[in-house]
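Structure, as structure tokens:
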Amino acid sequence: MTTQTPLSIEQFEKDVNQLVNNQRAYFNSNATRSAEFRLKQLKKLKALLLEHEEEMHQAIFKDFGKSKYENQLTEFFPLIDEINLTIKNLKKWMQHKSVRTNLLNFPAKSYLVPEPLGVTLVIGAWNFPYNLSLTPMVGSMAAGNTTILKPSELPVETSKIMTKIINENFDPNYLCVVEGAIPETTALLKQRYDKIFFTGSPMVGKIVNKAAAEHLTNVTLELGGKNPAIFHKDAALKIGVKRMIWAKFVNSGQFCITTDYALVHKDIKEEFLKLTIQEIEKGNFSEENNNYVQIINSRNFDRVVNLIDPEKVHYGGGYNREDRRIQPTILTEVNLDDKVMQEEIFGPLLPVIEYETIDEAFDIIKRFEKPLAAYLFSDSNAIKDRFLNEIPFGSGGINDCVMQVSNPNIPFGGVGHSGMGRYHGKYSFECFSHFKGVLDKPTVIETNLKYYGYSEKRMKIMKALS
Ligand code: NAD
């Protein structure tokens with residue numbers, strides 16, 4: 001289904017209702033349950049992605065100037081890796097998982113049986129449009145569900161190519177891309193699903209959560225927030241700044257887990273700023289560089305430019321509206337009341353806030369909602385321990401930035417306003433599965449403790465066994 005055919009929203013709603021019913025009937029036929037089916041579909045998806053790789057690179061370049069190199073690095077390789085990992089481990093993940101049987105139930109076996117949830121809806125965000133749409137879909141397929149995928153409407157070409165790859169090659173009763181913007185997503189959300197997986201802003205996350213509540217649908221929300229990076233006075237500054245700056249300006253800062261603002265100890269601030277500028281000027285992020293990504297659209301461009309207070313620009317501050325590119329920009333003397341600290345930046349601006357004591361830095365972080373990610377640059381074990389014990393965040397890093405996302409053994413997800421639930425690798429399989437808990441008793445032996453004929457003696461035995 002695509003919005004290119006001008007459907008009335010009423011007709012769209014009817015079609016979507018039919019699609020959901022068809023997927024539910026297909027799911028109920030048990031067609032998606034076997035490991036063989038899941039593996040065959042995952043292998044087919046991988047082959048199709050590799051076949052269309054070049055077109056996918058071109059599509060994203062048209063949408064927001066994302067180069068082939070950067071697309072490979074941040075979208076294509078991680079996606080193919082995720083499929084490979086899933087194919088390799090699926091049979092193991094699908095096995096019953098034994099758990100200990102307590103004495104009271106002895107003799108028996110106890111185990112967990114992973115089961116697909118049913119019809120799932122995956123709603124993607126635009127900043128890594130392939131990854132944020134297809135990676136959750138891989139989890140849904142691995143777990144044996146049917147999936148309706150609604151990619152973000154902002155990168156038009158990537159949405160089109162995903163629709164083409166999937167809708168021309170898979171049975172829509174199993175996998176189907178439905179394109180659309182807010183009215184279509186609103187119509188989609190009226191249907192009953194067994195799982196909704198949403199990536200996007202906390203504001204829309206609330207809308208999705210309310211719609212899911214209507215049907216008591218299981219929901220995963222991958223949201224955003226203001227992610228801090230603390231540079232403590234004992235940080236290995238040169239390498240730390242290099243890592244943080246790459247992570248900050250890759251995708252032009254349109255990255256949910258990148259540093260939103262830096263908290264820098266006053267003793268190292270000068271050196272920090274000097275190294276920051278040096279890293280930016282190495283050329284990787286200059287406007288002329290083909291690898292420097294555009295801002296997704298004019299609305300977001302204006303929003304980010306509006307966050308720049310010209311009086312606080314320490315470096316950069318330039319922009320080109322026609323080209324939708326904003327220079328990497330460092331802001332200093334920033335207060336928590338400044339506009340740039342009132343919302344998630346999601347663009348190439350880095351506010352730098354000075355602190356004196358680590359308590360002061362932690363206090364600033366705690367004034368905001370729990371972030372999706374947090375980073376600490378320090379070599380002190382005591383400071384690391386305090387950071388891990390005292391600061392809530394979805395995922396994070398010590399002496400590195402954003403790279404936790406590239407390790408599939410680390411679950412990815414937020415906490416509080418930055419989201420609920422987690423995925424990637426085995427965690428994606430779990431995210432789209434229910435684990436049935438089973439106690440499996442043999443019939444040859446029976447104990448009598450629970451039956452009528454209660455007595456003090458039995459009570460003592462029960463106490464001893466429990
Ligand atoms: P968004 O919330 O505007 O849109 C996300 C999806 O929701 C899109 O598919 C869009 O069509 C749909 N949508 C938008 N408004 C809607 C409405 N009123 N009703 C129903 N559906 C609606 O987010 P975005 O601009 O695409 O992405 C930026 C946000 O996403 C940032 O907050 C960022 O931090 C977050 N994000 C989070 C992750 C993560 O993995 N946690 C990844 C990328 C982006």
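Labels used: A, B, ... for chains in the order of the structure tokens, numbers from 1 for residues in each chain, and numbers from 1 for ligands as shown.
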### Task
Pick out each residue of stretch 224-431 of chain A that DSSP on the backbone tags as helix (DSSP H, G or I); I need them as a PyMOL selection string.
chain A and resi 237-253+266-281+298-306+310-312+339-341+358-366+381-390+403-406+416-418+426-431
### Task
Just the residues within 9 Å of A:His57, please, counting only C-alpha atoms, with nothing from its chain fewer than 5 positions along; format it as a ChimeraX atom specification.
/A:52,62,66-69,71-72,76,158
### Message
List as a VMD selection string the protein and nucleic acid residues near A:Ile383, meaning an atom at most 12 Å away when only C-alpha atoms are counted, but skip any in the same chain fewer than 2 places from it.
### Response
chain A and resid 230 to 235 357 to 359 361 to 362 376 to 381 385 to 391 398
### Query
Within 6 Å of ligand 1, counting only C-alpha atoms and all ligand atoms, which protein or nucleic acid residues do you find, written as an MDAnalysis selection string?
chainID A and resid 123:127 151:153 181:182 185:186 199:201 204 222:225 256
Export of prior selection with all heavy atoms as a short mmCIF file (atom, residue, chain, number, x, y, z; two decimals), in the first residue's frame:
data_model
loop_
_atom_site.label_atom_id
_atom_site.label_comp_id
_atom_site.auth_asym_id
_atom_site.auth_seq_id
_atom_site.Cartn_x
_atom_site.Cartn_y
_atom_site.Cartn_z
N ILE A 123 6.87 0.96 13.41
CA ILE A 123 6.87 2.34 12.89
C ILE A 123 8.28 2.89 13.02
O ILE A 123 8.86 2.90 14.11
CB ILE A 123 5.89 3.23 13.70
CG1 ILE A 123 4.47 2.65 13.65
CG2 ILE A 123 5.89 4.67 13.16
CD1 ILE A 123 3.44 3.42 14.48
N GLY A 124 8.84 3.34 11.89
CA GLY A 124 10.25 3.76 11.89
C GLY A 124 10.43 5.28 11.92
O GLY A 124 9.52 6.04 11.60
N ALA A 125 11.63 5.69 12.31
CA ALA A 125 12.02 7.11 12.29
C ALA A 125 12.87 7.36 11.05
O ALA A 125 13.28 6.43 10.36
CB ALA A 125 12.78 7.47 13.55
N TRP A 126 13.18 8.64 10.79
CA TRP A 126 13.81 8.98 9.51
C TRP A 126 15.33 9.04 9.54
O TRP A 126 15.97 9.01 8.50
CB TRP A 126 13.30 10.33 8.99
CG TRP A 126 13.47 11.47 9.98
CD1 TRP A 126 12.51 11.93 10.84
CD2 TRP A 126 14.64 12.24 10.22
NE1 TRP A 126 13.03 12.94 11.61
CE2 TRP A 126 14.33 13.16 11.25
CE3 TRP A 126 15.93 12.25 9.67
CZ2 TRP A 126 15.26 14.08 11.75
CZ3 TRP A 126 16.86 13.17 10.17
CH2 TRP A 126 16.52 14.06 11.19
N ASN A 127 15.95 9.18 10.72
CA ASN A 127 17.37 9.56 10.73
C ASN A 127 18.31 8.44 10.28
O ASN A 127 19.35 8.72 9.69
CB ASN A 127 17.78 10.15 12.08
CG ASN A 127 17.48 9.24 13.23
OD1 ASN A 127 16.48 8.53 13.25
ND2 ASN A 127 18.34 9.25 14.22
N PRO A 151 7.47 2.96 7.43
CA PRO A 151 8.70 3.76 7.55
C PRO A 151 8.34 5.24 7.68
O PRO A 151 7.21 5.64 7.37
CB PRO A 151 9.42 3.53 6.22
CG PRO A 151 8.55 2.66 5.39
CD PRO A 151 7.21 2.52 6.04
N SER A 152 9.31 6.03 8.10
CA SER A 152 9.07 7.48 8.16
C SER A 152 8.82 8.01 6.75
O SER A 152 9.45 7.58 5.78
CB SER A 152 10.28 8.19 8.75
OG SER A 152 10.13 9.58 8.57
N GLU A 153 7.92 8.96 6.66
CA GLU A 153 7.56 9.56 5.36
C GLU A 153 8.56 10.62 4.92
O GLU A 153 8.54 11.05 3.77
CB GLU A 153 6.15 10.17 5.43
CG GLU A 153 5.99 11.40 6.33
CD GLU A 153 5.87 11.10 7.82
OE1 GLU A 153 6.27 9.99 8.25
OE2 GLU A 153 5.41 11.98 8.57
N ALA A 181 2.01 9.36 6.19
CA ALA A 181 2.40 10.36 7.18
C ALA A 181 1.46 10.26 8.39
O ALA A 181 1.00 9.17 8.72
CB ALA A 181 2.37 11.74 6.53
N ILE A 182 1.16 11.41 9.02
CA ILE A 182 0.40 11.35 10.27
C ILE A 182 -1.02 10.76 10.07
O ILE A 182 -1.40 9.87 10.84
CB ILE A 182 0.34 12.74 10.95
CG1 ILE A 182 1.76 13.16 11.34
CG2 ILE A 182 -0.55 12.71 12.19
CD1 ILE A 182 1.87 14.54 11.96
N THR A 185 -0.68 7.04 9.70
CA THR A 185 -0.21 6.38 10.93
C THR A 185 -1.34 6.36 11.97
O THR A 185 -1.52 5.38 12.69
CB THR A 185 1.04 7.09 11.50
OG1 THR A 185 1.91 7.41 10.42
CG2 THR A 185 1.79 6.23 12.49
N THR A 186 -2.11 7.43 12.01
CA THR A 186 -3.24 7.49 12.94
C THR A 186 -4.23 6.37 12.60
O THR A 186 -4.73 5.68 13.49
CB THR A 186 -3.92 8.88 12.84
OG1 THR A 186 -2.92 9.87 13.02
CG2 THR A 186 -5.01 9.05 13.88
N THR A 199 9.73 3.73 16.85
CA THR A 199 10.93 4.55 17.02
C THR A 199 10.59 5.98 16.64
O THR A 199 10.07 6.23 15.54
CB THR A 199 12.09 4.07 16.13
OG1 THR A 199 12.32 2.69 16.39
CG2 THR A 199 13.37 4.84 16.42
N GLY A 200 10.86 6.93 17.52
CA GLY A 200 10.56 8.33 17.21
C GLY A 200 10.64 9.19 18.46
O GLY A 200 11.32 8.85 19.43
N SER A 201 9.91 10.29 18.43
CA SER A 201 10.02 11.26 19.52
C SER A 201 9.16 10.85 20.72
O SER A 201 8.16 10.14 20.56
CB SER A 201 9.54 12.62 19.01
OG SER A 201 8.21 12.49 18.54
N VAL A 204 5.35 11.67 20.16
CA VAL A 204 4.56 10.70 19.38
C VAL A 204 4.52 9.35 20.10
O VAL A 204 3.53 8.61 20.01
CB VAL A 204 5.09 10.58 17.93
CG1 VAL A 204 4.25 9.61 17.12
CG2 VAL A 204 5.10 11.95 17.25
N GLU A 222 11.10 3.25 21.31
CA GLU A 222 12.50 3.66 21.20
C GLU A 222 12.48 5.17 20.95
O GLU A 222 12.23 5.62 19.84
CB GLU A 222 13.19 2.93 20.03
CG GLU A 222 13.28 1.42 20.21
CD GLU A 222 14.32 1.01 21.24
OE1 GLU A 222 15.25 1.81 21.52
OE2 GLU A 222 14.22 -0.10 21.78
N LEU A 223 12.73 5.95 21.99
CA LEU A 223 12.52 7.40 21.91
C LEU A 223 13.85 8.16 22.02
O LEU A 223 14.90 7.60 21.79
CB LEU A 223 11.52 7.82 23.00
CG LEU A 223 10.24 6.95 23.08
CD1 LEU A 223 9.36 7.38 24.24
CD2 LEU A 223 9.46 7.01 21.77
N GLY A 224 13.76 9.43 22.37
CA GLY A 224 14.99 10.23 22.40
C GLY A 224 15.12 11.01 23.69
O GLY A 224 14.47 10.71 24.69
N GLY A 225 15.96 12.02 23.68
CA GLY A 225 16.16 12.83 24.87
C GLY A 225 17.45 13.60 24.78
O GLY A 225 18.08 13.63 23.72
N CYS A 256 20.00 9.69 17.58
CA CYS A 256 19.32 9.70 18.89
C CYS A 256 20.25 9.44 20.07
O CYS A 256 19.94 9.84 21.18
CB CYS A 256 18.19 8.69 18.89
SG CYS A 256 18.78 7.03 18.50
#
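In this structure, atom CA of A:Pro116 sits 20.9 Å away from atom CA of A:Asn17.
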### Task
May I ask for the distance between atom CA of A:Val178 and atom CA of A:Lys150, given in Å to one decimal place?
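Taking atom CA of A:Val178 and atom CA of A:Lys150, their separation equals 5.1 Å.
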So which residues touch A:Thr146 within 12 Å, counting only C-alpha atoms, skipping near sequence neighbours fewer than 4 positions away, as a PDB file with C-alpha atoms, in the first residue's frame?
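This went into around12.pdb:
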ATOM      1  CA  LEU A  19      -4.547  -6.244   5.773  1.00  0.00           C
ATOM      2  CA  VAL A  20      -4.447  -6.782   9.543  1.00  0.00           C
ATOM      3  CA  ASN A  21      -7.223  -9.407   9.313  1.00  0.00           C
ATOM      4  CA  ASN A  22      -5.388 -11.182   6.513  1.00  0.00           C
ATOM      5  CA  GLN A  23      -2.117 -11.161   8.456  1.00  0.00           C
ATOM      6  CA  ARG A  24      -3.892 -12.490  11.543  1.00  0.00           C
ATOM      7  CA  ALA A  25      -5.435 -15.331   9.528  1.00  0.00           C
ATOM      8  CA  TYR A  26      -2.012 -16.104   8.061  1.00  0.00           C
ATOM      9  CA  PHE A  27      -0.409 -16.079  11.496  1.00  0.00           C
ATOM     10  CA  ASN A  28      -3.156 -18.313  12.882  1.00  0.00           C
ATOM     11  CA  SER A  29      -2.488 -20.827  10.104  1.00  0.00           C
ATOM     12  CA  ASN A  30       0.893 -21.439  11.867  1.00  0.00           C
ATOM     13  CA  ALA A  31       2.733 -20.767   8.594  1.00  0.00           C
ATOM     14  CA  THR A  32       5.289 -18.478  10.254  1.00  0.00           C
ATOM     15  CA  ARG A  33       6.178 -20.686  13.216  1.00  0.00           C
ATOM     16  CA  PHE A  37      10.176 -20.746   7.405  1.00  0.00           C
ATOM     17  CA  ARG A  38      11.796 -17.970   9.453  1.00  0.00           C
ATOM     18  CA  GLN A  41      12.473 -15.492   4.844  1.00  0.00           C
ATOM     19  CA  PRO A 116       5.583 -15.411  18.473  1.00  0.00           C
ATOM     20  CA  LEU A 117       3.187 -12.660  19.457  1.00  0.00           C
ATOM     21  CA  GLY A 118       1.154 -12.447  16.222  1.00  0.00           C
ATOM     22  CA  VAL A 119       0.592  -9.419  14.006  1.00  0.00           C
ATOM     23  CA  THR A 120       3.120  -6.669  14.638  1.00  0.00           C
ATOM     24  CA  LEU A 121       3.290  -3.035  13.577  1.00  0.00           C
ATOM     25  CA  VAL A 122       6.749  -1.453  13.224  1.00  0.00           C
ATOM     26  CA  MET A 137      11.393  -6.055  11.326  1.00  0.00           C
ATOM     27  CA  VAL A 138      14.198  -8.651  11.371  1.00  0.00           C
ATOM     28  CA  GLY A 139      13.466  -9.225  15.084  1.00  0.00           C
ATOM     29  CA  SER A 140       9.776  -9.628  14.334  1.00  0.00           C
ATOM     30  CA  MET A 141      10.493 -12.126  11.530  1.00  0.00           C
ATOM     31  CA  ALA A 142      12.950 -14.066  13.698  1.00  0.00           C
ATOM     32  CA  PHE A 170       6.934 -11.038   0.027  1.00  0.00           C
ATOM     33  CA  ASP A 171       3.389 -12.201   0.604  1.00  0.00           C
ATOM     34  CA  PRO A 172       1.609  -9.155   2.121  1.00  0.00           C
ATOM     35  CA  ASN A 173      -0.114 -11.504   4.549  1.00  0.00           C
ATOM     36  CA  TYR A 174       3.345 -12.025   6.008  1.00  0.00           C
ATOM     37  CA  LEU A 175       5.279  -8.771   5.431  1.00  0.00           C
ATOM     38  CA  CYS A 176       3.912  -5.527   4.072  1.00  0.00           C
ATOM     39  CA  VAL A 177       5.156  -1.949   3.960  1.00  0.00           C
ATOM     40  CA  TYR A 193      -2.025  -5.599  16.856  1.00  0.00           C
ATOM     41  CA  ASP A 194      -0.223  -8.060  19.099  1.00  0.00           C
ATOM     42  CA  LYS A 195       2.868  -5.864  19.234  1.00  0.00           C
ATOM     43  CA  ILE A 196       3.728  -2.295  18.286  1.00  0.00           C
ATOM     44  CA  PHE A 432       9.005  -9.841  19.676  1.00  0.00           C
TER      45      PHE A 432
END
### Message
So, with only C-alpha atoms as the atoms that count, which of A:Lys91, A:Arg367, A:Lys43, A:His215 lies closest to A:Ala143?
### Response
A:Lys91
### Task
Would you mind telling me which residue in A:Leu350, A:Val264, A:Ala373, A:Leu188 lies nearest to A:Phe12 when using only C-alpha atoms?
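Closest to A:Phe12, using only C-alpha atoms: A:Leu188.
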Which residues of stretch 238-270 of chain A have any atom within 8 Å of an atom in stretch 293-316 of chain A when counting only C-alpha atoms, and what is the closest pair of atoms for each, with the distance in Å to one decimal? Order the rows by chain and rising number and write it as JSON lines.
{"residue": "A:Val250", "atom": "CA", "partner": "A:Val293", "partner_atom": "CA", "distance": 7.6}
{"residue": "A:Asn251", "atom": "CA", "partner": "A:Val293", "partner_atom": "CA", "distance": 5.3}
{"residue": "A:Ser252", "atom": "CA", "partner": "A:Val293", "partner_atom": "CA", "distance": 5.5}
{"residue": "A:Gln254", "atom": "CA", "partner": "A:Ile295", "partner_atom": "CA", "distance": 7.7}
Keeping only C-alpha atoms, write the selected residues to a file as a CSV table (one decimal), in the first residue's frame.
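File written: out21.csv
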chain,number,residue,atom,x,y,z
A,250,VAL,CA,28.2,11.9,11.9
A,251,ASN,CA,24.7,12.1,10.2
A,252,SER,CA,25.0,15.8,11.0
A,254,GLN,CA,20.7,13.6,13.7
### Task
Quote the spacing between atom CA of A:Lys40 and atom CA of A:Tyr130 in Å to one decimal place.
20.8 Å
### Task
Name the residues of stretch 114-175 of chain A that come out as strand (DSSP E) in a backbone DSSP run; write them as a list in words.
Pro114, Glu115, Pro116, Val119, Thr120, Leu121, Val122, Ile123, Thr146, Thr147, Ile148, Leu149, Lys150 and Leu175 of chain A
Find the residues of stretch 355-383 of chain A that sit at most 12 Å from stretch 320-338 of chain A; for each, write down the nearest two atoms and how far apart they are in Å, to one decimal. Count only C-alpha atoms. Sort by chain, then by number going up, and give it as a tab-separated table.
residue	atom	partner	partner_atom	distance
A:Tyr355	CA	A:Glu333	CA	11.3
A:Asp363	CA	A:Leu336	CA	11.8
A:Ile364	CA	A:Leu336	CA	8.4
A:Ile365	CA	A:Leu336	CA	10.6
A:Arg367	CA	A:Leu336	CA	9.4
A:Phe368	CA	A:Leu336	CA	10.0
Dump N, CA and C atoms for the selected residues as a tab-separated table (two decimals), in the first residue's frame?
chain	number	residue	atom	x	y	z
A	355	TYR	N	31.67	22.66	34.57
A	355	TYR	CA	31.32	22.32	35.96
A	355	TYR	C	32.59	22.27	36.81
A	363	ASP	N	24.15	16.59	38.98
A	363	ASP	CA	22.93	17.33	39.31
A	363	ASP	C	22.30	17.91	38.03
A	364	ILE	N	23.14	18.41	37.13
A	364	ILE	CA	22.61	18.95	35.86
A	364	ILE	C	21.91	17.84	35.07
A	365	ILE	N	22.55	16.69	34.98
A	365	ILE	CA	21.94	15.58	34.21
A	365	ILE	C	20.58	15.21	34.80
A	367	ARG	N	18.45	16.96	36.21
A	367	ARG	CA	17.36	17.93	36.00
A	367	ARG	C	16.55	17.59	34.76
A	368	PHE	N	17.13	16.78	33.88
A	368	PHE	CA	16.43	16.40	32.64
A	368	PHE	C	15.79	15.02	32.82
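Closest approach to A:Pro78 among A:Ala247, A:Leu132, A:Leu221, A:Ala464 is made by A:Leu132 (distances from only C-alpha atoms).
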### Query
Which is closest to A:Ser8 among A:Glu184, A:Glu271, A:Glu279, A:Glu430, if we use only C-alpha atoms?
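Smallest distance to A:Ser8 is found for A:Glu184.
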### Task
With a distance cut-off of 10 Å and only C-alpha atoms, select the neighbouring residues of A:Thr276, excluding the residue or stretch itself and same-chain residues fewer than 6 positions from it, and output the selection as a PyMOL selection string.
chain A and resi 237-238+240-242+244-245+270+315+330
### Residue neighbourhood A:Leu85, 12 Å, only C-alpha atoms, exclusion window fewer than 2 positions, as a PyMOL selection string
chain A and resi 39+42-43+46+77-83+87-93+135+138-139+142+407-409+424-429
Give me a file of those residues, with C-alpha atoms, as an mmCIF file, in the first residue's frame.
data_model
loop_
_atom_site.group_PDB
_atom_site.id
_atom_site.type_symbol
_atom_site.label_atom_id
_atom_site.label_comp_id
_atom_site.auth_asym_id
_atom_site.auth_seq_id
_atom_site.Cartn_x
_atom_site.Cartn_y
_atom_site.Cartn_z
ATOM 1 C CA LEU A 39 15.287 -18.762 8.174
ATOM 2 C CA LEU A 42 15.487 -13.925 6.570
ATOM 3 C CA LYS A 43 17.849 -15.296 3.919
ATOM 4 C CA LYS A 46 19.291 -10.488 3.033
ATOM 5 C CA PHE A 77 26.644 -3.182 7.409
ATOM 6 C CA PRO A 78 24.854 -3.134 10.785
ATOM 7 C CA LEU A 79 21.643 -4.319 9.138
ATOM 8 C CA ILE A 80 23.325 -7.178 7.258
ATOM 9 C CA ASP A 81 25.258 -8.068 10.440
ATOM 10 C CA GLU A 82 22.004 -8.212 12.366
ATOM 11 C CA ILE A 83 20.490 -10.584 9.802
ATOM 12 C CA ILE A 87 20.314 -16.539 11.009
ATOM 13 C CA LYS A 88 23.271 -18.042 12.860
ATOM 14 C CA ASN A 89 21.581 -18.133 16.263
ATOM 15 C CA LEU A 90 17.884 -18.501 15.516
ATOM 16 C CA LYS A 91 17.572 -22.230 16.229
ATOM 17 C CA LYS A 92 19.358 -21.768 19.543
ATOM 18 C CA TRP A 93 17.131 -18.824 20.511
ATOM 19 C CA THR A 135 16.265 -4.006 12.095
ATOM 20 C CA VAL A 138 14.198 -8.651 11.371
ATOM 21 C CA GLY A 139 13.466 -9.225 15.084
ATOM 22 C CA ALA A 142 12.950 -14.066 13.698
ATOM 23 C CA ASN A 407 27.654 -4.409 19.693
ATOM 24 C CA PRO A 408 24.623 -6.696 19.254
ATOM 25 C CA ASN A 409 25.300 -8.258 22.647
ATOM 26 C CA HIS A 424 19.177 -5.843 18.824
ATOM 27 C CA GLY A 425 20.469 -9.394 18.401
ATOM 28 C CA LYS A 426 18.989 -11.867 20.876
ATOM 29 C CA TYR A 427 17.153 -9.010 22.589
ATOM 30 C CA SER A 428 15.184 -8.366 19.378
ATOM 31 C CA PHE A 429 14.065 -11.976 19.329
#
### Query
A:Ile345, A:Ile280, A:Met420, A:Val444: which is nearest A:Val219, counting only C-alpha atoms?
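For A:Val219, the nearest of the candidates is A:Met420.
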